[in-house]
Protein chains: 2
Amino acid sequence: MDISTRVIKRILIGRPLATDEAPHQTISKTVGLAVFASDALSSVAYAPGEILLVLLAGGLLSTWIALPIAVAITVMLVILTVSYRQTIFAYPSGGGAYIVARDNIGEAPAQVAGAALLTDYILTVAVSITSGWENVAATFPAIRPYQTALSAATIVFMTIINLRGVKESGRLFAAPTYFFIGMLFVTMVTAAFRYASGSLPVIQHAAETMEALRNSAQSLSLLLVLRAFSSGCTALTGVEAISNGIQAFKEPKSRNAATTMLAMSALIAVNFIGIVFFAGKMNVLPQFEVLADGHIIGDSAVLPYMTQALFGGESIFHWMLVVATMLILMMAANTSYADFPRLSSLLAGDGFLPRQLTFKGSRLTFSWGIVGLALASIALVIIFQGSTSALIPLYAIGVFLSFAISQAGMVVRWRKTSTLKPGEERQEEHSLLRYDKHWRIKMAINAVGAVMAFIVMIVFAVTKFAQGAWITVILIPTLVLIFFRIHHHYKGVALALSLSDRKLRPHRHDMLTIVMVDDVHVGTVQMVDFAMSEGNPWMAVHFDDNPIKTAKIKSKWNERMSDSGHDLTLVPCPYRNLSETAVEFVQSKLAQHPDRFVHVVMGQLVMDTWGAQALHANTNVSFYLALQSMERVAITNVTYQIHKPEPEPDAPLVAVPAVPVAAATAAAIPTQAAPAGATGP
Amino acid sequence: MDISTRVIKRILIGRPLATDEAPHQTISKTVGLAVFASDALSSVAYAPGEILLVLLAGGLLSTWIALPIAVAITVMLVILTVSYRQTIFAYPSGGGAYIVARDNIGEAPAQVAGAALLTDYILTVAVSITSGWENVAATFPAIRPYQTALSAATIVFMTIINLRGVKESGRLFAAPTYFFIGMLFVTMVTAAFRYASGSLPVIQHAAETMEALRNSAQSLSLLLVLRAFSSGCTALTGVEAISNGIQAFKEPKSRNAATTMLAMSALIAVNFIGIVFFAGKMNVLPQFEVLADGHIIGDSAVLPYMTQALFGGESIFHWMLVVATMLILMMAANTSYADFPRLSSLLAGDGFLPRQLTFKGSRLTFSWGIVGLALASIALVIIFQGSTSALIPLYAIGVFLSFAISQAGMVVRWRKTSTLKPGEERQEEHSLLRYDKHWRIKMAINAVGAVMAFIVMIVFAVTKFAQGAWITVILIPTLVLIFFRIHHHYKGVALALSLSDRKLRPHRHDMLTIVMVDDVHVGTVQMVDFAMSEGNPWMAVHFDDNPIKTAKIKSKWNERMSDSGHDLTLVPCPYRNLSETAVEFVQSKLAQHPDRFVHVVMGQLVMDTWGAQALHANTNVSFYLALQSMERVAITNVTYQIHKPEPEPDAPLVAVPAVPVAAATAAAIPTQAAPAGATGP
């Protein structure tokens, strides 16, 4: 990395942090709510709109059912909150679905939970950011054509923030979260006051909109209600985030995390029901369009229309809410930036994902995970053209699947504690099993959570299957299969490399060094110096693919390299297939002596810039690729650095001499930076 | 290259040819006409249409002027033919504009000619192939939407043919060229016969077409006539091809080439004038469209409409002509496949283009040049959406510029011969100067050629500037600048590497080998074996970026590697910036001893497949990039091959064990294939 790259990286990413600075990167309850609860909390910005959008297919009159649906979803939220609080106390070191499943049910369900969650973290980023821009577009319709580009740019921005590390990003986002909560509070209180005083504004929609809706309306079917319920359940995505991130809290971790979870659920419940209730009373509808075939498409935003009606479209308060909504949705996406890298490093640590995901970057963040999340979510935003409604059917299946698996794991765990005597304890890998006299009721709570989550997942998958849920239904098992293939690979490699049941000890081998000579110049002297200094038997070899050139090289060798005490060996290469010839030659030398090392030495001219490097053949790479699969072959590059050369003072840059310069100097120019001859593409 | 890649390459490209098989790759006059003359010859398929298309802007009545324009262009053809025959005899080893200019005027004009010709070779491919498909589309309008894709696919096909080598491709195309010539002959004779007998059919165009034309018509201006003349001059592109390719002919090369050139020019003259004449008599117009703003766009094909009228649209003869036209245009594109690689290898040999262009592939073709030509022309086809008329304004400037430079060079050459006495000879680099008593008249002929070519170029650039000629006007000087920058680079490198005025002799240096240890496993044993066998002072180093992992590695080293007699040196790396730490460490070791070599040895696990390789960190590459710019550092990869591992018999692939396998095996899995620790992206 050159100095300018380093400076740019430092500015964008921040100063490097030492490995032992890690433990200090913990957060308070207040910051924790901002970091981990914003996903669930921000769903109130799109879940009510998504419910209404589905119900509109049943005509305007069916929107009354939004409120009972919101209440049902809130009941579900209460069940999950109670279930997850038990998990938080049982797993103080972090009780995500993956760990709970691995500890209690087994590897396969754990991988399913892992695949489900990773999929959903990616979708959280895509849904939150697109929904954020849809909320802005509700106030500034001019940006509609650029929503996809704006969403992608926002994800890039957030990726940079997150490569700086979780604490900074937590701090950066804490203020906006509370700003949003404050805005929601003011909106709800204002609406409640004006409702009580009978002055709640009611929005009048254009007559042709209503007419189009009447013509398209299906009857209000059970399918429609279930589909609306499924869409609304996206409000519950992210509820599990705190249970994954307990380790990020200050001590006492479990207590702080549990308290934060309660606060979060209460905030969601009040605001979600409040928005749906007042949207009904105020006749607020999301922006929508009735297609020629009767289908309805539209945006997910309702809050901006509500505040427009309550405070006026030009009021500062309305503008503040638009900004706050955008920011909380960025926070929600940020939750995934905390969770995705953490979970993928867990899976990678267990050998189910590429090991690179366990590497911590210079700022102690899992850089590969962050970049992977960003790339995947940008791809989704582009494919689904920045539309939240198009993304929603893919969403939530994964979350509810992981809820179900996690709660099922807890059920198994309570059964295990029941085998202990009162006061007895047993340490498992991630939790301490302890006898609990209330284990039956606690097991029942988790069982209800598991069953409810499973039912919601099935409802979601069935009712949204054709709209896009099929993608997730195929994707999750595919991912699980890939995870196990990766695991299989790593196990095989570990077995192949293991020293534990082998008598293998390091020892000397016979060794022959082969110096591959392409031309005789200053770089060649360096290469021969290296071979002489190594103090091993060596030979210099040139692959003869051009007899005229070879004769010149041979004579230069004899004249210049005689001090090396070695002749230049010529290997015929009439078909100019240098790599194949090299492999055959090395093979013949390996065969001369059992257990022999062959040490292939190549010269490499190193230029200052990539552009200059591209003007040289760099055939070392093709030699390397050909030789690397041979056993007991070591491949060395002896580099020779060429710095920005000064032009000869007597030869102007653009010369028009009577006798051309090119012809005169051509012979002295090496045809390539590589060891021997030339290959075609 | 693995075996399957090699088999595919063999099938597509053919068996490798030895370097000394090169001289046999020469061609007869008959094949030479097919290979080199088809470019100019095929222009009769689009040049008449392009003339008419321009003249239509002046209304239907102005098309009578096409015939005088065709005659003027034919006069130009005669001048060029006479001029170029002189060049062919003066330069028996190949007298392209580049060589003639370099020998007689200087480096800069030679590079201008080179840039001009290379640009035009690319355009020849693009124009010929798009025109070929426009001719087919005139008969099968259904293919119009796919013209761009068909053109690109055709170029890919031709690239494969040409990678096989010039002789085979010459043979492959010889038959179609003569087929086309025969078809033209029959068409012209039939038309002449029916004209003489008064039964020549006259095409009636739809009334609304004529009406649209009347409304759009400008008056017939000089600009319009000059523009039509410019468009028609594209018929002369490729006339120089034979003078470039004399070396490809059988002996006597010059005589054979000159005869072939005469035959070519006669064929062009007769058919070009014939087509324009009969098109006028038969009222043939190309397919065109009058845009709302009065502009006229259209295709270049007229021949198919002529044969449709003469023989009937369903007649076999018409179909045969469509096929023959397509094939001759492919032949024309093929001319560039012979010339572009040849010329670019000349420039590369002189150090003005990347050296890779001088490499001959396994079939003795300049593979890089062929691939470069293909990529550039496909790009043009895609950018200009497969339209010949859109490409024409970029074309021909380069050709006429190179004509002018080449003929100017010949003028200088004749002046040089005038200084010789009768019977005296002087050998120059590419030609033999000999006194010629007719030198004055011969010089005059070349001077007329040069001046005429220059005038045509200026007319073309001015009249077509806004339509696209500006691109070529900018491109050619830009290319010349790039050529000189490349030359400057190679001269600098040659100077830096030259041994001629240095006392440099190979000698032994002090050397220290540093073995970079990431983990202790079977691959590590191999690496330590290598260091021990090398018989040099060495040390084993681990970069400590994770104290827990480091302690484990250290204890494994002590247990397993004690036979090496070396301790494991730990280098602190708290910020996990492994590459920077490695550079600093190597620097400190270099500083300990003047003129010392540091030999860095890294282990590399080599997997069977790219997919498996991607699961390992491959941080060797980032180490290599960081270390390569340090002087006197050699970098070695000791490879260790891991072949498709067998799964343990007692561990099923997808296991659901009570105690997870992953946790148990994780410790034994090396975190990466690389020497030490891990880096973020």
# chains A, B, ... in the order shown; residues from 1 in each chain; ligands from 1

call {"tool": "select_by_dssp", "arguments": {"residues": "region 122-351 of chain A", "states": "strand (DSSP E)", "output": "short mmCIF file (atom, residue, chain, number, x, y, z; two decimals) with C-alpha atoms, in the first residue's frame"}}
result
data_model
loop_
_atom_site.label_atom_id
_atom_site.label_comp_id
_atom_site.auth_asym_id
_atom_site.auth_seq_id
_atom_site.Cartn_x
_atom_site.Cartn_y
_atom_site.Cartn_z
CA PHE A 288 -50.24 3.62 -4.83
CA GLU A 289 -51.18 2.89 -8.40
CA VAL A 290 -53.82 0.49 -9.78
CA ILE A 296 -51.91 -2.54 -6.88
CA ILE A 297 -48.33 -1.37 -6.50
CA GLY A 298 -47.04 1.43 -4.32
#

call {"tool": "residues_around", "arguments": {"residues": "Asp544 (chain A)", "least_positions_apart": "5", "cutoff": "9 Å", "atoms": "only C-alpha atoms", "output": "PyMOL selection string"}}
result
chain A and resi 549-550+570-574+576+676-677

call {"tool": "write_last_selection", "arguments": {"atoms": "C-alpha atoms", "output": "PDB file, in the first residue's frame"}}
result
ATOM      1  CA  LYS A 549      17.827 -14.580 -30.190  1.00  0.00           C
ATOM      2  CA  THR A 550      19.230 -17.587 -28.343  1.00  0.00           C
ATOM      3  CA  LEU A 570      19.764 -24.466 -23.674  1.00  0.00           C
ATOM      4  CA  VAL A 571      16.466 -26.342 -23.641  1.00  0.00           C
ATOM      5  CA  PRO A 572      14.782 -26.553 -27.067  1.00  0.00           C
ATOM      6  CA  CYS A 573      11.298 -25.063 -27.186  1.00  0.00           C
ATOM      7  CA  PRO A 574      10.403 -25.006 -30.891  1.00  0.00           C
ATOM      8  CA  ARG A 576       7.143 -21.645 -27.938  1.00  0.00           C
ATOM      9  CA  ALA A 676      12.425 -17.044 -20.770  1.00  0.00           C
ATOM     10  CA  GLY A 677      10.980 -16.327 -24.169  1.00  0.00           C
TER      11      GLY A 677
END

call {"tool": "residues_around", "arguments": {"residues": "region 145-155 of chain A", "least_positions_apart": "2", "cutoff": "10 Å", "atoms": "only C-alpha atoms", "output": "mmCIF file with N, CA and C atoms, in the first residue's frame"}}
result
data_model
loop_
_atom_site.group_PDB
_atom_site.id
_atom_site.type_symbol
_atom_site.label_atom_id
_atom_site.label_comp_id
_atom_site.auth_asym_id
_atom_site.auth_seq_id
_atom_site.Cartn_x
_atom_site.Cartn_y
_atom_site.Cartn_z
ATOM 1 N N VAL A 125 -30.843 -4.475 5.291
ATOM 2 C CA VAL A 125 -30.166 -3.307 4.721
ATOM 3 C C VAL A 125 -30.934 -2.810 3.507
ATOM 4 N N ALA A 126 -31.256 -3.735 2.589
ATOM 5 C CA ALA A 126 -31.915 -3.322 1.351
ATOM 6 C C ALA A 126 -33.277 -2.701 1.630
ATOM 7 N N VAL A 127 -34.092 -3.374 2.489
ATOM 8 C CA VAL A 127 -35.450 -2.882 2.769
ATOM 9 C C VAL A 127 -35.396 -1.538 3.494
ATOM 10 N N SER A 128 -34.530 -1.423 4.497
ATOM 11 C CA SER A 128 -34.507 -0.191 5.286
ATOM 12 C C SER A 128 -34.109 0.999 4.441
ATOM 13 N N ILE A 129 -33.068 0.818 3.629
ATOM 14 C CA ILE A 129 -32.575 1.959 2.870
ATOM 15 C C ILE A 129 -33.559 2.347 1.765
ATOM 16 N N THR A 130 -34.118 1.353 1.076
ATOM 17 C CA THR A 130 -35.095 1.716 0.030
ATOM 18 C C THR A 130 -36.318 2.366 0.665
ATOM 19 N N SER A 131 -36.755 1.844 1.819
ATOM 20 C CA SER A 131 -37.909 2.425 2.495
ATOM 21 C C SER A 131 -37.598 3.849 2.940
ATOM 22 N N GLY A 132 -36.369 4.080 3.402
ATOM 23 C CA GLY A 132 -35.955 5.427 3.800
ATOM 24 C C GLY A 132 -36.133 6.406 2.653
ATOM 25 N N TRP A 133 -35.676 6.017 1.473
ATOM 26 C CA TRP A 133 -35.790 6.932 0.340
ATOM 27 C C TRP A 133 -37.225 7.055 -0.151
ATOM 28 N N GLU A 134 -38.041 5.990 0.061
ATOM 29 C CA GLU A 134 -39.457 6.122 -0.296
ATOM 30 C C GLU A 134 -40.127 7.143 0.616
ATOM 31 N N VAL A 136 -38.625 9.724 1.941
ATOM 32 C CA VAL A 136 -38.199 11.042 1.478
ATOM 33 C C VAL A 136 -38.965 11.409 0.210
ATOM 34 N N ALA A 137 -39.147 10.404 -0.680
ATOM 35 C CA ALA A 137 -39.827 10.668 -1.951
ATOM 36 C C ALA A 137 -41.279 11.072 -1.751
ATOM 37 N N PRO A 141 -41.210 14.314 -4.405
ATOM 38 C CA PRO A 141 -41.417 13.335 -5.497
ATOM 39 C C PRO A 141 -40.350 13.450 -6.584
ATOM 40 N N ALA A 142 -39.644 14.581 -6.650
ATOM 41 C CA ALA A 142 -38.643 14.771 -7.700
ATOM 42 C C ALA A 142 -37.538 13.715 -7.646
ATOM 43 N N ILE A 143 -37.295 13.133 -6.473
ATOM 44 C CA ILE A 143 -36.186 12.169 -6.380
ATOM 45 C C ILE A 143 -36.582 10.768 -6.840
ATOM 46 N N PHE A 157 -21.937 4.634 1.734
ATOM 47 C CA PHE A 157 -21.600 5.540 2.831
ATOM 48 C C PHE A 157 -21.584 4.788 4.168
ATOM 49 N N MET A 158 -22.635 3.983 4.385
ATOM 50 C CA MET A 158 -22.721 3.263 5.662
ATOM 51 C C MET A 158 -21.610 2.239 5.798
ATOM 52 N N THR A 159 -21.189 1.678 4.686
ATOM 53 C CA THR A 159 -20.113 0.688 4.734
ATOM 54 C C THR A 159 -18.823 1.336 5.233
ATOM 55 N N ILE A 160 -18.568 2.540 4.761
ATOM 56 C CA ILE A 160 -17.357 3.247 5.204
ATOM 57 C C ILE A 160 -17.418 3.522 6.698
ATOM 58 N N ILE A 161 -18.595 4.041 7.143
ATOM 59 C CA ILE A 161 -18.787 4.302 8.574
ATOM 60 C C ILE A 161 -18.485 3.035 9.378
ATOM 61 N N MET A 330 -31.645 4.232 8.404
ATOM 62 C CA MET A 330 -30.211 3.975 8.243
ATOM 63 C C MET A 330 -29.662 3.246 9.468
ATOM 64 N N ALA A 333 -30.554 -0.373 9.126
ATOM 65 C CA ALA A 333 -29.607 -1.039 8.248
ATOM 66 C C ALA A 333 -28.309 -1.273 9.008
ATOM 67 N N ASN A 334 -27.975 -0.306 9.870
ATOM 68 C CA ASN A 334 -26.733 -0.413 10.622
ATOM 69 C C ASN A 334 -26.725 -1.606 11.569
ATOM 70 N N LEU A 373 -21.620 -7.918 3.056
ATOM 71 C CA LEU A 373 -22.986 -7.440 3.300
ATOM 72 C C LEU A 373 -23.320 -6.297 2.359
ATOM 73 N N ALA A 374 -22.388 -5.361 2.205
ATOM 74 C CA ALA A 374 -22.637 -4.189 1.355
ATOM 75 C C ALA A 374 -22.871 -4.619 -0.093
ATOM 76 N N LEU A 375 -22.004 -5.500 -0.594
ATOM 77 C CA LEU A 375 -22.135 -5.918 -1.997
ATOM 78 C C LEU A 375 -23.462 -6.632 -2.233
ATOM 79 N N SER A 377 -26.281 -6.429 -0.513
ATOM 80 C CA SER A 377 -27.476 -5.589 -0.394
ATOM 81 C C SER A 377 -27.569 -4.598 -1.554
ATOM 82 N N ILE A 378 -26.426 -4.107 -2.031
ATOM 83 C CA ILE A 378 -26.468 -3.223 -3.210
ATOM 84 C C ILE A 378 -27.021 -4.005 -4.411
ATOM 85 N N ALA A 379 -26.604 -5.265 -4.533
ATOM 86 C CA ALA A 379 -27.118 -6.094 -5.635
ATOM 87 C C ALA A 379 -28.640 -6.205 -5.540
ATOM 88 N N LEU A 380 -29.161 -6.452 -4.322
ATOM 89 C CA LEU A 380 -30.617 -6.561 -4.149
ATOM 90 C C LEU A 380 -31.314 -5.267 -4.522
ATOM 91 N N VAL A 381 -30.759 -4.145 -4.072
ATOM 92 C CA VAL A 381 -31.376 -2.843 -4.357
ATOM 93 C C VAL A 381 -31.461 -2.628 -5.865
ATOM 94 N N ILE A 382 -30.387 -3.006 -6.575
ATOM 95 C CA ILE A 382 -30.373 -2.792 -8.020
ATOM 96 C C ILE A 382 -31.347 -3.738 -8.715
ATOM 97 N N ILE A 383 -31.318 -5.024 -8.313
ATOM 98 C CA ILE A 383 -32.198 -6.002 -8.962
ATOM 99 C C ILE A 383 -33.666 -5.636 -8.758
ATOM 100 N N PHE A 384 -34.020 -5.220 -7.531
ATOM 101 C CA PHE A 384 -35.426 -4.904 -7.247
ATOM 102 C C PHE A 384 -35.710 -3.416 -7.406
ATOM 103 N N GLN A 385 -34.818 -2.720 -8.111
ATOM 104 C CA GLN A 385 -35.023 -1.327 -8.504
ATOM 105 C C GLN A 385 -35.489 -0.420 -7.370
ATOM 106 N N GLY A 386 -34.902 -0.645 -6.205
ATOM 107 C CA GLY A 386 -35.162 0.263 -5.090
ATOM 108 C C GLY A 386 -36.573 0.236 -4.541
ATOM 109 N N SER A 387 -37.350 -0.832 -4.803
ATOM 110 C CA SER A 387 -38.731 -0.868 -4.321
ATOM 111 C C SER A 387 -38.869 -1.729 -3.070
#

call {"tool": "residues_around", "arguments": {"residues": "region 53-67 of chain A", "least_positions_apart": "2", "cutoff": "7 Å", "atoms": "only C-alpha atoms", "output": "list of chain:residue names"}}
result
A:Gly49, A:Glu50, A:Ile51, A:Ile69, A:Ala70, A:Val71, A:Leu213, A:Arg214, A:Ser216, A:Ala217, A:Gln218, A:Ser219, A:Leu220, A:Leu224, A:Arg227, A:Ala228, A:Val276, A:Phe277, A:Gly280, A:Pro286, A:Ile296

call {"tool": "residues_around", "arguments": {"residues": "Phe465 (chain B)", "least_positions_apart": "3", "cutoff": "12 Å", "atoms": "only C-alpha atoms", "output": "number ranges by chain"}}
result
B: 227, 230, 392-395, 397, 457-462, 468-474

call {"tool": "write_last_selection", "arguments": {"atoms": "C-alpha atoms", "output": "compact mmCIF listing (two decimals), in the first residue's frame"}}
result
# COMPACT_ATOMS: atom_id res chain seq x y z
CA ARG B 227 -19.39 14.48 -49.10
CA SER B 230 -15.69 11.18 -49.62
CA ILE B 392 -18.08 5.48 -42.47
CA PRO B 393 -17.22 9.04 -41.29
CA LEU B 394 -14.51 7.60 -39.01
CA TYR B 395 -13.11 5.53 -41.82
CA ILE B 397 -9.09 9.42 -43.09
CA MET B 457 -8.04 13.19 -46.73
CA ILE B 458 -8.64 16.92 -46.12
CA VAL B 459 -11.91 16.82 -48.08
CA PHE B 460 -13.01 13.82 -46.07
CA ALA B 461 -12.06 15.32 -42.70
CA VAL B 462 -13.78 18.62 -43.45
CA GLY B 468 -17.80 11.49 -36.75
CA ALA B 469 -14.54 12.31 -38.53
CA TRP B 470 -13.58 14.40 -35.50
CA ILE B 471 -13.14 11.17 -33.55
CA THR B 472 -10.41 10.00 -35.93
CA VAL B 473 -8.88 13.49 -36.08
CA ILE B 474 -8.43 13.36 -32.30

call {"tool": "residues_around", "arguments": {"residues": "Thr335 (chain B)", "least_positions_apart": "3", "cutoff": "9 Å", "atoms": "only C-alpha atoms", "output": "VMD selection string"}}
result
chain B and resid 34 to 39 121 124 to 125 238 241 330 to 332 338 to 340

call {"tool": "residues_around", "arguments": {"residues": "Ala324 (chain B)", "least_positions_apart": "2", "cutoff": "9 Å", "atoms": "only C-alpha atoms", "output": "number ranges by chain"}}
result
B: 176-177, 179-181, 183, 319-322, 326-329

call {"tool": "atom_distance", "arguments": {"atom1": "CA of Ala90 (chain A)", "atom2": "CA of Gly409 (chain A)"}}
result
11.4 Å

call {"tool": "select_by_dssp", "arguments": {"residues": "region 323-535 of chain B", "states": "alpha helix (DSSP H)", "output": "PyMOL selection string"}}
result
chain B and resi 323-349+367-383+388-391+397-418+439-463+470-497+522-534

call {"tool": "closest_residue", "arguments": {"among": "B:Leu497, B:Ala453, B:Met282, B:Leu222", "to": "chain A", "atoms": "only C-alpha atoms"}}
result
B:Leu497

call {"tool": "atom_distance", "arguments": {"atom1": "CA of Ala348 (chain B)", "atom2": "CA of His487 (chain B)"}}
result
9.1 Å

call {"tool": "closest_residue", "arguments": {"among": "A:Met602, A:Met532, A:Ile370, A:Ala279", "to": "chain B", "atoms": "only C-alpha atoms"}}
result
A:Met532

call {"tool": "atom_distance", "arguments": {"atom1": "CA of Val522 (chain B)", "atom2": "CA of Tyr575 (chain B)"}}
result
28.3 Å

call {"tool": "closest_residue", "arguments": {"among": "B:Val186, B:Met443, B:Leu590, B:Ala72", "to": "Phe229 (chain B)", "atoms": "only C-alpha atoms"}}
result
B:Ala72
